[in-house]
$ cat upload_35.txt   # compact mmCIF, C-alpha atoms and all ligand atoms
# COMPACT_ATOMS: atom_id res chain seq x y z
CA MET A 2 -27.23 60.17 -76.51
CA HIS A 3 -27.26 63.80 -77.64
CA LYS A 4 -24.94 65.56 -79.99
CA VAL A 5 -25.07 69.34 -80.20
CA LEU A 6 -23.73 71.48 -83.05
CA ILE A 7 -22.77 74.99 -81.92
CA ILE A 8 -22.36 77.52 -84.75
CA GLY A 9 -20.30 80.66 -84.00
CA ALA A 10 -17.00 80.78 -82.12
CA GLY A 11 -17.10 84.35 -80.77
CA GLY A 12 -17.50 85.61 -77.20
CA VAL A 13 -20.88 83.91 -76.70
CA GLY A 14 -19.88 80.74 -78.60
CA GLY A 15 -16.92 80.28 -76.25
CA VAL A 16 -19.16 80.40 -73.17
CA VAL A 17 -21.87 78.11 -74.62
CA THR A 18 -19.27 75.52 -75.63
CA GLN A 19 -17.58 75.52 -72.22
CA LYS A 20 -20.90 75.40 -70.32
CA CYS A 21 -22.17 72.50 -72.50
CA ALA A 22 -18.86 70.72 -71.88
CA GLN A 23 -19.48 71.04 -68.12
CA ALA A 24 -22.70 68.98 -68.52
CA PRO A 25 -21.72 65.70 -70.21
CA ASP A 26 -24.88 64.02 -68.84
CA VAL A 27 -26.93 65.85 -71.53
CA PHE A 28 -24.36 67.10 -74.02
CA ASN A 29 -22.70 63.76 -74.79
CA GLU A 30 -20.94 65.05 -77.90
CA ILE A 31 -20.15 68.63 -78.92
CA VAL A 32 -19.18 70.00 -82.33
CA LEU A 33 -18.20 73.67 -82.62
CA ALA A 34 -18.30 75.13 -86.14
CA SER A 35 -17.56 78.65 -87.33
CA ARG A 36 -16.18 80.65 -90.24
CA THR A 37 -12.65 80.96 -88.77
CA PRO A 38 -11.31 77.53 -87.71
CA ALA A 39 -8.58 79.05 -85.49
CA LYS A 40 -11.27 80.55 -83.21
CA CYS A 41 -12.86 77.08 -82.78
CA GLU A 42 -9.45 75.60 -81.99
CA ALA A 43 -8.72 78.30 -79.37
CA ILE A 44 -12.00 77.47 -77.57
CA LYS A 45 -11.36 73.72 -77.88
CA ALA A 46 -7.94 74.19 -76.24
CA ARG A 47 -9.63 75.56 -73.09
CA ILE A 48 -11.86 72.50 -72.63
CA ALA A 49 -10.69 69.39 -70.75
CA ARG A 50 -12.95 66.91 -72.52
CA PRO A 51 -12.65 66.25 -76.28
CA ILE A 52 -14.88 68.21 -78.67
CA GLU A 53 -14.89 68.32 -82.46
CA THR A 54 -14.53 71.46 -84.58
CA ALA A 55 -15.49 72.28 -88.15
CA GLN A 56 -15.42 75.16 -90.61
CA VAL A 57 -18.66 76.45 -92.11
CA ASP A 58 -19.99 79.51 -93.88
CA ALA A 59 -23.37 79.78 -92.20
CA ASP A 60 -24.62 82.19 -94.89
CA ASN A 61 -24.61 79.18 -97.23
CA THR A 62 -27.49 76.73 -96.63
CA ALA A 63 -26.03 74.00 -98.86
CA GLU A 64 -22.75 74.09 -96.89
CA LEU A 65 -24.71 73.92 -93.63
CA VAL A 66 -26.77 70.96 -94.86
CA THR A 67 -23.58 69.04 -95.75
CA LEU A 68 -22.11 69.77 -92.30
CA ILE A 69 -25.33 68.77 -90.49
CA ARG A 70 -25.56 65.51 -92.48
CA ASN A 71 -21.97 64.68 -91.47
CA VAL A 72 -22.34 65.66 -87.81
CA LYS A 73 -25.92 64.35 -87.28
CA PRO A 74 -26.71 66.57 -84.26
CA SER A 75 -29.96 66.50 -82.23
CA LEU A 76 -29.86 70.29 -81.89
CA ILE A 77 -28.13 73.32 -83.41
CA ILE A 78 -27.25 76.26 -81.14
CA ASN A 79 -26.85 79.31 -83.35
CA VAL A 80 -24.54 81.86 -81.72
CA ALA A 81 -23.19 83.27 -84.97
CA LEU A 82 -24.83 86.55 -86.05
CA PRO A 83 -28.52 87.39 -86.58
CA TYR A 84 -27.81 87.52 -90.35
CA GLN A 85 -27.41 83.71 -90.33
CA ASP A 86 -30.69 82.84 -88.53
CA LEU A 87 -32.71 82.09 -91.67
CA THR A 88 -30.04 80.13 -93.55
CA ILE A 89 -29.52 77.96 -90.46
CA MET A 90 -33.30 77.52 -89.99
CA ASP A 91 -33.56 76.51 -93.68
CA ALA A 92 -30.82 73.91 -93.13
CA CYS A 93 -32.67 72.62 -90.03
CA LEU A 94 -35.83 72.19 -92.09
CA GLU A 95 -33.95 70.30 -94.79
CA THR A 96 -32.24 67.97 -92.32
CA GLY A 97 -34.97 67.71 -89.63
CA VAL A 98 -32.84 69.10 -86.76
CA ASN A 99 -34.01 71.28 -83.82
CA TYR A 100 -32.82 74.89 -83.56
CA LEU A 101 -32.02 77.48 -80.84
CA ASP A 102 -30.71 81.06 -81.10
CA THR A 103 -30.17 84.17 -78.96
CA ALA A 104 -30.93 87.04 -81.36
CA ASN A 105 -33.64 87.50 -83.97
CA TYR A 106 -33.06 87.82 -87.69
CA GLU A 107 -32.16 91.11 -89.27
CA PRO A 108 -31.23 91.63 -92.92
CA PRO A 109 -27.60 92.81 -93.44
CA ASP A 110 -28.65 95.77 -95.62
CA GLU A 111 -31.40 97.06 -93.32
CA ALA A 112 -30.93 97.70 -89.57
CA ARG A 113 -34.38 96.42 -88.60
CA PHE A 114 -34.92 93.37 -86.45
CA CYS A 115 -38.31 91.77 -85.89
CA TYR A 116 -39.64 88.29 -85.22
CA LYS A 117 -41.90 88.08 -88.28
CA TRP A 118 -39.24 86.51 -90.49
CA GLN A 119 -38.68 83.68 -88.02
CA TRP A 120 -42.28 83.31 -86.80
CA ASP A 121 -43.18 82.73 -90.46
CA TYR A 122 -41.29 79.40 -90.19
CA HIS A 123 -43.75 78.07 -87.58
CA ASP A 124 -45.94 75.95 -89.86
CA ARG A 125 -42.98 74.50 -91.74
CA PHE A 126 -41.20 73.54 -88.49
CA LYS A 127 -44.45 72.05 -87.19
CA GLU A 128 -45.02 69.98 -90.33
CA ARG A 129 -41.39 68.79 -90.22
CA GLY A 130 -41.91 67.77 -86.55
CA ILE A 131 -39.03 69.91 -85.24
CA MET A 132 -38.72 72.78 -82.76
CA ALA A 133 -37.08 76.21 -82.88
CA LEU A 134 -36.51 78.14 -79.65
CA LEU A 135 -35.89 81.83 -80.37
CA GLY A 136 -34.08 84.44 -78.31
CA CYS A 137 -32.64 82.25 -75.56
CA GLY A 138 -29.86 84.56 -74.28
CA PHE A 139 -30.31 87.02 -71.40
CA ASP A 140 -32.22 89.83 -73.04
CA PRO A 141 -34.03 88.40 -74.92
CA GLY A 142 -34.15 85.13 -73.04
CA VAL A 143 -33.91 85.31 -69.26
CA THR A 144 -35.92 88.56 -69.24
CA ASN A 145 -38.76 86.68 -71.02
CA VAL A 146 -38.49 83.81 -68.53
CA PHE A 147 -38.54 86.33 -65.63
CA CYS A 148 -41.85 87.64 -67.04
CA ALA A 149 -43.24 84.10 -67.44
CA HIS A 150 -42.22 83.34 -63.83
CA ALA A 151 -43.86 86.55 -62.59
CA ALA A 152 -47.06 85.75 -64.53
CA GLN A 153 -47.13 82.19 -63.18
CA GLN A 154 -46.23 82.91 -59.53
CA HIS A 155 -47.06 86.50 -58.65
CA PHE A 156 -49.61 88.18 -60.92
CA ASP A 157 -53.11 87.59 -62.23
CA GLU A 158 -52.38 90.30 -64.81
CA MET A 159 -49.13 92.07 -65.69
CA HIS A 160 -49.80 95.63 -66.90
CA ASP A 161 -46.52 97.54 -67.01
CA ILE A 162 -43.03 96.12 -67.62
CA ASP A 163 -39.69 97.95 -67.64
CA ILE A 164 -36.78 95.73 -68.69
CA MET A 165 -33.58 97.35 -67.41
CA ASP A 166 -30.10 96.33 -68.54
CA CYS A 167 -27.13 97.84 -66.71
CA ASN A 168 -23.49 97.07 -67.41
CA ALA A 169 -21.48 98.93 -64.77
CA GLY A 170 -18.25 97.19 -65.74
CA ASP A 171 -14.98 98.78 -66.85
CA HIS A 172 -12.94 96.95 -69.51
CA GLY A 173 -10.24 99.61 -69.65
CA HIS A 174 -10.75 100.49 -73.35
CA PRO A 175 -11.89 104.01 -74.31
CA PHE A 176 -14.57 102.48 -76.57
CA ALA A 177 -15.57 98.84 -77.06
CA THR A 178 -18.81 96.92 -77.41
CA ASN A 179 -19.59 93.89 -75.26
CA PHE A 180 -20.95 91.79 -78.08
CA ASN A 181 -20.43 91.87 -81.83
CA PRO A 182 -19.72 95.58 -82.57
CA GLU A 183 -21.64 95.65 -85.85
CA ILE A 184 -24.82 94.15 -84.37
CA ASN A 185 -24.50 96.19 -81.17
CA ILE A 186 -24.06 99.58 -82.89
CA ARG A 187 -26.88 98.86 -85.37
CA GLU A 188 -29.17 98.16 -82.39
CA ILE A 189 -28.19 101.21 -80.35
CA THR A 190 -28.38 103.73 -83.20
CA GLN A 191 -31.90 102.67 -84.22
CA ARG A 192 -34.92 104.76 -83.29
CA GLY A 193 -36.32 103.90 -79.87
CA LYS A 194 -39.73 102.25 -79.64
CA TYR A 195 -42.06 101.13 -76.87
CA TYR A 196 -45.55 99.71 -76.57
CA GLN A 197 -48.42 101.50 -74.85
CA ASP A 198 -52.19 100.88 -74.96
CA GLY A 199 -52.11 98.80 -78.14
CA GLN A 200 -49.71 101.05 -80.06
CA TRP A 201 -45.98 101.15 -80.79
CA ILE A 202 -44.59 104.61 -80.10
CA GLU A 203 -41.30 105.66 -81.72
CA THR A 204 -38.71 108.01 -80.19
CA GLU A 205 -35.49 109.61 -81.44
CA PRO A 206 -32.47 107.34 -80.76
CA LEU A 207 -31.43 107.48 -77.06
CA SER A 208 -33.52 110.63 -76.51
CA VAL A 209 -35.57 109.32 -73.56
CA HIS A 210 -33.62 108.62 -70.38
CA LYS A 211 -33.96 108.41 -66.62
CA THR A 212 -32.00 107.32 -63.57
CA PHE A 213 -32.47 104.01 -61.77
CA ASP A 214 -30.75 102.87 -58.59
CA PHE A 215 -29.45 99.39 -59.53
CA PRO A 216 -28.84 96.92 -56.69
CA GLN A 217 -25.13 96.50 -55.76
CA ILE A 218 -24.29 99.16 -58.40
CA GLY A 219 -26.05 102.43 -57.52
CA PRO A 220 -27.77 105.08 -59.62
CA ARG A 221 -27.13 104.94 -63.36
CA GLN A 222 -28.57 106.84 -66.30
CA MET A 223 -30.49 104.46 -68.60
CA TYR A 224 -31.81 105.10 -72.11
CA LEU A 225 -34.97 103.87 -73.80
CA MET A 226 -34.29 101.58 -76.76
CA TYR A 227 -36.28 99.09 -78.78
CA HIS A 228 -35.53 95.47 -77.95
CA GLU A 229 -36.94 92.33 -79.54
CA GLU A 230 -38.41 90.70 -76.42
CA GLU A 231 -40.98 93.52 -76.25
CA GLU A 232 -42.55 92.15 -79.45
CA SER A 233 -42.94 88.56 -78.22
CA LEU A 234 -43.96 89.50 -74.66
CA VAL A 235 -46.77 91.73 -75.92
CA LYS A 236 -47.98 88.85 -78.10
CA ASN A 237 -47.75 86.20 -75.37
CA PHE A 238 -49.05 88.30 -72.43
CA PRO A 239 -51.99 90.28 -73.84
CA SER A 240 -52.68 91.94 -70.43
CA ILE A 241 -49.57 94.13 -70.93
CA LYS A 242 -50.56 97.79 -71.31
CA ARG A 243 -47.04 99.20 -71.52
CA ILE A 244 -43.60 97.67 -72.03
CA ARG A 245 -40.30 99.51 -72.35
CA PHE A 246 -36.64 98.50 -72.56
CA TRP A 247 -33.81 100.52 -70.99
CA MET A 248 -30.04 100.21 -71.21
CA THR A 249 -27.32 102.12 -69.37
CA PHE A 250 -24.42 103.78 -71.20
CA SER A 251 -21.50 105.76 -69.80
CA ARG A 252 -20.95 109.34 -70.92
CA GLU A 253 -17.65 108.22 -72.48
CA TYR A 254 -19.42 105.57 -74.57
CA LEU A 255 -22.09 107.99 -75.77
CA THR A 256 -19.52 110.65 -76.68
CA HIS A 257 -17.53 108.18 -78.80
CA LEU A 258 -20.72 106.91 -80.43
CA ARG A 259 -21.87 110.44 -81.29
CA VAL A 260 -18.53 111.32 -82.90
CA LEU A 261 -18.47 108.05 -84.88
CA GLN A 262 -22.04 108.66 -86.07
CA ASN A 263 -21.31 112.28 -86.98
CA VAL A 264 -18.38 111.31 -89.20
CA GLY A 265 -20.32 108.49 -90.87
CA MET A 266 -18.43 105.55 -89.34
CA THR A 267 -21.62 103.77 -88.20
CA GLY A 268 -23.21 103.74 -91.69
CA ILE A 269 -24.23 100.42 -93.28
CA ASP A 270 -24.36 101.57 -96.91
CA PRO A 271 -21.16 100.85 -98.90
CA VAL A 272 -18.77 103.74 -99.57
CA ARG A 273 -16.42 103.66 -102.58
CA PHE A 274 -12.83 103.96 -101.30
CA GLU A 275 -9.73 103.53 -103.48
CA GLY A 276 -11.50 101.19 -105.88
CA HIS A 277 -13.26 99.12 -103.19
CA ASP A 278 -16.74 99.19 -101.69
CA ILE A 279 -16.39 99.50 -97.91
CA VAL A 280 -19.23 99.38 -95.36
CA PRO A 281 -18.09 101.93 -92.71
CA LEU A 282 -19.58 99.96 -89.78
CA LYS A 283 -17.86 96.74 -90.90
CA PHE A 284 -14.56 98.64 -91.11
CA LEU A 285 -15.17 100.09 -87.63
CA LYS A 286 -15.80 96.55 -86.34
CA ALA A 287 -12.38 95.53 -87.65
CA LEU A 288 -10.78 98.35 -85.60
CA LEU A 289 -12.63 97.79 -82.33
CA PRO A 290 -11.63 95.19 -79.70
CA ASP A 291 -13.04 91.71 -80.29
CA PRO A 292 -15.66 91.20 -77.51
CA SER A 293 -14.21 87.77 -76.76
CA THR A 294 -10.92 89.44 -75.71
CA LEU A 295 -12.41 91.96 -73.26
CA GLY A 296 -12.55 89.62 -70.25
CA ALA A 297 -9.02 89.97 -68.87
CA GLY A 298 -9.01 92.80 -66.32
CA TYR A 299 -12.72 93.60 -66.77
CA GLN A 300 -13.99 94.86 -63.40
CA GLY A 301 -17.51 95.49 -62.12
CA LYS A 302 -20.95 93.99 -62.48
CA THR A 303 -23.98 93.74 -64.71
CA CYS A 304 -27.54 93.92 -63.40
CA ILE A 305 -30.35 92.96 -65.76
CA GLY A 306 -33.95 92.56 -64.66
CA CYS A 307 -37.63 93.39 -64.98
CA MET A 308 -39.73 95.84 -62.97
CA ILE A 309 -43.31 94.65 -63.26
CA LYS A 310 -46.57 96.28 -62.14
CA GLY A 311 -49.93 94.57 -62.23
CA VAL A 312 -52.60 93.01 -60.05
CA LYS A 313 -52.92 89.90 -57.88
CA ASN A 314 -56.20 89.00 -56.13
CA GLY A 315 -57.56 92.45 -56.95
CA GLN A 316 -54.58 94.24 -55.30
CA SER A 317 -51.97 96.37 -57.11
CA ARG A 318 -48.50 94.82 -57.02
CA LYS A 319 -45.01 96.07 -57.95
CA TYR A 320 -42.25 93.52 -58.29
CA TYR A 321 -38.58 93.55 -59.35
CA ILE A 322 -36.61 90.49 -60.44
CA TYR A 323 -32.96 90.65 -61.48
CA ASN A 324 -29.60 88.96 -61.80
CA ILE A 325 -26.22 90.40 -60.84
CA CYS A 326 -23.21 89.07 -62.71
CA ASP A 327 -19.56 89.86 -61.98
CA HIS A 328 -17.18 90.27 -64.93
CA ALA A 329 -14.07 89.05 -63.07
CA GLN A 330 -15.88 85.98 -61.75
CA CYS A 331 -16.99 85.05 -65.29
CA TYR A 332 -13.44 85.46 -66.50
CA ARG A 333 -12.14 83.16 -63.77
CA GLU A 334 -14.70 80.51 -64.72
CA VAL A 335 -14.73 80.58 -68.54
CA ASN A 336 -12.27 83.27 -69.69
CA ALA A 337 -15.13 85.56 -70.77
CA GLN A 338 -16.73 88.86 -69.72
CA ALA A 339 -20.21 88.98 -68.18
CA VAL A 340 -22.12 89.97 -71.35
CA SER A 341 -20.89 86.84 -73.18
CA TYR A 342 -21.52 84.81 -70.01
CA THR A 343 -25.06 86.06 -69.38
CA THR A 344 -25.90 85.17 -73.02
CA GLY A 345 -24.09 81.84 -73.24
CA VAL A 346 -25.37 80.29 -69.99
CA PRO A 347 -29.11 80.71 -70.86
CA ALA A 348 -28.44 79.29 -74.35
CA MET A 349 -26.93 76.20 -72.72
CA ILE A 350 -29.89 75.97 -70.29
CA GLY A 351 -32.45 76.25 -73.12
CA ALA A 352 -30.57 73.58 -75.08
CA ARG A 353 -30.50 71.35 -72.00
CA LEU A 354 -34.26 71.69 -71.48
CA MET A 355 -34.92 70.91 -75.15
CA LEU A 356 -32.63 67.87 -75.25
CA SER A 357 -33.99 66.46 -71.98
CA GLY A 358 -37.55 66.91 -73.29
CA GLN A 359 -38.59 69.30 -70.47
CA TRP A 360 -39.31 71.97 -73.08
CA SER A 361 -40.76 70.38 -76.19
CA GLY A 362 -43.01 71.29 -79.08
CA LYS A 363 -43.29 71.32 -82.84
CA GLY A 364 -42.96 74.72 -84.46
CA VAL A 365 -41.27 78.03 -83.61
CA PHE A 366 -41.45 79.29 -80.02
CA ASN A 367 -40.25 82.07 -77.73
CA VAL A 368 -39.00 81.09 -74.29
CA GLU A 369 -41.91 82.60 -72.34
CA GLU A 370 -44.26 80.04 -73.94
CA PHE A 371 -42.82 77.24 -71.76
CA ASP A 372 -43.00 76.42 -68.04
CA PRO A 373 -40.45 78.80 -66.48
CA ARG A 374 -39.74 76.62 -63.41
CA PRO A 375 -37.00 74.33 -64.75
CA PHE A 376 -35.29 77.32 -66.40
CA MET A 377 -35.43 79.41 -63.19
CA ASP A 378 -33.95 76.50 -61.20
CA SER A 379 -31.21 76.05 -63.79
CA LEU A 380 -30.24 79.75 -63.64
CA ASN A 381 -29.44 79.31 -59.94
CA LYS A 382 -27.56 76.10 -60.63
CA TYR A 383 -25.45 77.15 -63.61
CA GLY A 384 -24.14 80.56 -62.56
CA LEU A 385 -26.88 83.18 -62.95
CA PRO A 386 -28.70 83.34 -59.59
CA TRP A 387 -31.70 85.68 -59.44
CA GLN A 388 -33.29 87.81 -56.72
CA GLU A 389 -36.86 89.05 -56.46
CA ILE A 390 -38.36 91.80 -54.30
CA PHE A 391 -41.82 93.27 -53.79
CA LEU A 392 -42.03 97.06 -53.66
CA GLU A 393 -44.69 99.53 -52.56
CA PRO A 394 -47.08 99.74 -55.56
N1 LIG B 401 -29.86 87.64 -76.22
C1 LIG B 401 -28.82 88.21 -75.68
O1 LIG B 401 -28.84 88.49 -74.48
C2 LIG B 401 -27.58 88.48 -76.47
C3 LIG B 401 -26.57 89.27 -75.89
C4 LIG B 401 -25.37 89.44 -76.58
C5 LIG B 401 -25.20 88.86 -77.84
N2 LIG B 401 -26.23 88.15 -78.40
C6 LIG B 401 -26.06 87.54 -79.74
O2 LIG B 401 -25.08 86.51 -79.66
C7 LIG B 401 -24.51 86.34 -80.95
C8 LIG B 401 -23.00 86.20 -80.83
O3 LIG B 401 -22.44 87.38 -80.27
P1 LIG B 401 -20.87 87.48 -79.99
O4 LIG B 401 -20.63 88.62 -79.12
O5 LIG B 401 -20.34 86.13 -79.63
O6 LIG B 401 -20.35 87.87 -81.46
P2 LIG B 401 -18.89 87.63 -82.07
O7 LIG B 401 -17.88 87.59 -80.97
O8 LIG B 401 -18.74 88.56 -83.19
O9 LIG B 401 -19.00 86.13 -82.63
C9 LIG B 401 -19.75 85.79 -83.75
C10 LIG B 401 -19.17 84.48 -84.30
O10 LIG B 401 -19.97 84.09 -85.42
C11 LIG B 401 -19.10 83.78 -86.51
N3 LIG B 401 -19.72 84.04 -87.78
C12 LIG B 401 -20.12 85.24 -88.30
N4 LIG B 401 -20.59 85.07 -89.54
C13 LIG B 401 -20.48 83.73 -89.82
C14 LIG B 401 -20.80 82.95 -90.94
N5 LIG B 401 -21.31 83.47 -92.05
N6 LIG B 401 -20.54 81.63 -90.87
C15 LIG B 401 -20.00 81.06 -89.77
N7 LIG B 401 -19.69 81.77 -88.66
C16 LIG B 401 -19.94 83.09 -88.69
C17 LIG B 401 -17.94 84.71 -86.32
O11 LIG B 401 -16.88 84.23 -87.07
P3 LIG B 401 -15.61 85.15 -87.46
O12 LIG B 401 -14.77 85.09 -86.25
O13 LIG B 401 -14.99 84.50 -88.64
O14 LIG B 401 -16.15 86.53 -87.75
C18 LIG B 401 -17.74 84.65 -84.80
O15 LIG B 401 -16.99 83.52 -84.44
C19 LIG B 401 -24.98 87.54 -81.79
O16 LIG B 401 -26.02 87.13 -82.64
C20 LIG B 401 -25.50 88.51 -80.77
O17 LIG B 401 -26.52 89.33 -81.29
C21 LIG B 401 -27.39 87.93 -77.74

$ encode --input "upload_35.txt" --output "structure tokens" --more "lines below"
Ligand SMILES: NC(=O)c1ccc[n+]([C@@H]2O[C@H](COP(=O)([O-])OP(=O)(O)OC[C@H]3O[C@@H](n4cnc5c(N)ncnc54)[C@H](OP(=O)(O)O)[C@@H]3O)[C@@H](O)[C@H]2O)c1
Amino acid sequence: MHKVLIIGAGGVGGVVTQKCAQAPDVFNEIVLASRTPAKCEAIKARIARPIETAQVDADNTAELVTLIRNVKPSLIINVALPYQDLTIMDACLETGVNYLDTANYEPPDEARFCYKWQWDYHDRFKERGIMALLGCGFDPGVTNVFCAHAAQQHFDEMHDIDIMDCNAGDHGHPFATNFNPEINIREITQRGKYYQDGQWIETEPLSVHKTFDFPQIGPRQMYLMYHEEEESLVKNFPSIKRIRFWMTFSREYLTHLRVLQNVGMTGIDPVRFEGHDIVPLKFLKALLPDPSTLGAGYQGKTCIGCMIKGVKNGQSRKYYIYNICDHAQCYREVNAQAVSYTTGVPAMIGARLMLSGQWSGKGVFNVEEFDPRPFMDSLNKYGLPWQEIFLEP
């Protein structure tokens, strides 16, 4: 019997909860907790089988510990915000419960994400006899599993990886982000960074770009950014000589972003306004559409995958693996757009593999450290089928 506690009732939380509810063989009992109870209730109302809901401030470890002791889950799926990763991991250590998330920790007052903070929990999780699975969304998450699959099935050594994330969908809003606006804009406005020949090379934000012809979508301009899976993939596959991450943006999106940046609306330092301290980016988040409401009428597809170059049996090899996801199809299934869907489904799959014991360990792990086969099979089964092709090296 397994009970799962899902924390965070946003766009991703809605998908994870519904996908877990579709698999009662593993997820026998589900509790959804978040800061705003009404959001948990709205998700609960969409699910045919009974689930429990609870209110929690996940910034508060003591409150989390009380909730966990009441609920007694086997696993916590953290789909709140990256700011809550460490408080939830602390509560897991105190209560001896396993942990999974989709985004690595970043401090609220500094737009800088890296795995060190969470990797530093490894020995404590190991001593406590529990497991943490980090970054189990799509990117990071499936992209890491794609690389593990490529390393296991198709390469003796992987040398060059380009992770390419294209959202060619149209939600009908002049400007909206597909996941939490605050986290998304912090990520996109950071300096770019990529790894080459043992060094991290920084670039001006969104200054490096090129065109790629995405399957079923066509040519799109994509921009080099830093993304967290680069850090763990370089660590876990030491043969990598270069790894880069690319994301597509429309001209409309970039124009809005530039204007917002130029007028200071993306800043994270508080500004004194009429007697109150206001963080401009948090205020902007309050004005922008909630990502969980974007699904209705969203048209088009996402295509996220990895282009990998390396060698097999002494021969050069070039290989592309990707998933296509359709916004309208996701909405029909779970009332969500494809970015929430492509994050929530892998979180459910990772949780399933942990609870069934197919992925097990004591300590803190990234997804590429486990056998990719059951995860790859589950992607096909639970709504994210993948394609792979070999190209002329
Ligand atoms: N790996 C990937 O591929 C990937 C892709 C997209 C997103 N993500 C990650 O997925 C996570 C969720 O994204 P989303 O789009 O679902 O965001 P969202 O719609 O903003 O939802 C976040 C949820 O967390 C809740 N929350 C925030 N602070 C909390 C706190 N202190 N205590 C309890 N609950 C709290 C929010 O509650 P309120 O409603 O009260 O604010 C909201 O329900 C983010 O960490 C994001 O970075 C990962």

$ closest_residue --input "upload_35.txt" --among "A:Lys319, A:Arg187, A:Lys310, A:Arg36" --to "ligand LIG 401 (chain B)" --atoms "all atoms listed in the file"
A:Arg36

$ residues_near_ligand --input "upload_35.txt" --ligand "ligand LIG 401 (chain B)" --cutoff "7 Å" --atoms "all atoms listed in the file" --output "ChimeraX atom specification"
/A:8-14,35-37,40,57-60,80-83,85,103-104,136-142,179-181,184,291-293,340-341,343-344

$ residues_near_point --input "upload_35.txt" --point "(-36.6, 99.9, -80.6)" --cutoff "10 Å" --atoms "all atoms listed in the file" --output "list in words"
Arg113, Phe114, Cys115, Glu188, Ile189, Thr190, Gln191, Arg192, Gly193, Lys194, Tyr195, Tyr196, Trp201, Ile202, Glu203, Thr204, Glu205, Pro206, Leu207, Leu225, Met226, Tyr227, His228, Glu229, Glu231, Glu232, Arg245 and Phe246 of chain A

$ closest_atom_pairs --input "upload_35.txt" --of "region 132-218 of chain A" --to "region 372-380 of chain A" --cutoff "9 Å" --atoms "all atoms listed in the file" --output "Markdown table"
| residue | atom | partner | partner_atom | distance |
| --- | --- | --- | --- | --- |
| A:Val143 | CA | A:Phe376 | CA | 8.6 |
| A:Val146 | CA | A:Pro373 | CA | 5.8 |
| A:Phe147 | CA | A:Pro373 | CA | 7.8 |
| A:Cys148 | CA | A:Pro373 | CA | 9.0 |
| A:Ala149 | CA | A:Pro373 | CA | 6.1 |
| A:His150 | CA | A:Pro373 | CA | 5.5 |
| A:Gln153 | CA | A:Pro373 | CA | 8.2 |

$ residues_near_point --input "upload_35.txt" --point "(-19.2, 104.3, -74.6)" --cutoff "12 Å" --atoms "all atoms listed in the file" --output "list in words"
Asn168, Ala169, Gly170, Asp171, His172, Gly173, His174, Pro175, Phe176, Ala177, Thr178, Asn179, Pro182, Asn185, Ile186, Ile189, Thr249, Phe250, Ser251, Arg252, Glu253, Tyr254, Leu255, Thr256, His257, Leu258, Arg259, Val260 and Leu261 of chain A

$ atom_distance --input "upload_35.txt" --atom1 "CA of Asp157 (chain A)" --atom2 "CA of Lys313 (chain A)"
4.9 Å

$ residues_around --input "upload_35.txt" --residues "region 20-26 of chain A" --least-positions-apart "3" --cutoff "10 Å" --atoms "all atoms listed in the file" --output "NGL selection string"
:A and (2-3 or 5 or 7 or 14-17 or 29-31 or 48-52 or 334-335 or 342 or 345-350 or 352-353 or 357 or 383-384)

$ residues_around --input "upload_35.txt" --residues "Phe156 (chain A)" --least-positions-apart "6" --cutoff "8 Å" --atoms "all atoms listed in the file" --output "PyMOL selection string"
chain A and resi 311-313+318

$ closest_residue --input "upload_35.txt" --among "A:Met165, A:Leu289, A:Val272, A:Ile241" --to "Asn324 (chain A)" --atoms "all atoms listed in the file"
A:Met165

$ atom_distance --input "upload_35.txt" --atom1 "CA of Tyr100 (chain A)" --atom2 "CA of Leu135 (chain A)"
8.2 Å

$ atom_distance --input "upload_35.txt" --atom1 "CA of Asn105 (chain A)" --atom2 "CA of Gln330 (chain A)"
28.5 Å

$ closest_residue --input "upload_35.txt" --among "A:Cys326, A:Met159, A:Met223, A:Val98" --to "Met132 (chain A)" --atoms "only C-alpha atoms"
A:Val98

$ residues_around --input "upload_35.txt" --residues "Glu389 (chain A)" --least-positions-apart "4" --cutoff "7 Å" --atoms "only C-alpha atoms" --output "PyMOL selection string"
chain A and resi 321-323

$ closest_residue --input "upload_35.txt" --among "A:Val66, A:Val365, A:Cys167, A:Leu101" --to "Thr88 (chain A)" --atoms "only C-alpha atoms"
A:Val66

$ residues_around --input "upload_35.txt" --residues "Trp360 (chain A)" --least-positions-apart "3" --cutoff "7 Å" --atoms "all atoms listed in the file" --output "list in words"
Leu354, Met355 and Phe371 of chain A

$ closest_residue --input "upload_35.txt" --among "A:Glu107, A:Glu369, A:Asp278, A:Glu183" --to "Met266 (chain A)" --atoms "only C-alpha atoms"
A:Glu183

$ closest_residue --input "upload_35.txt" --among "A:Leu392, A:Ile325, A:Leu356, A:Ala152" --to "Leu76 (chain A)" --atoms "all atoms listed in the file"
A:Leu356
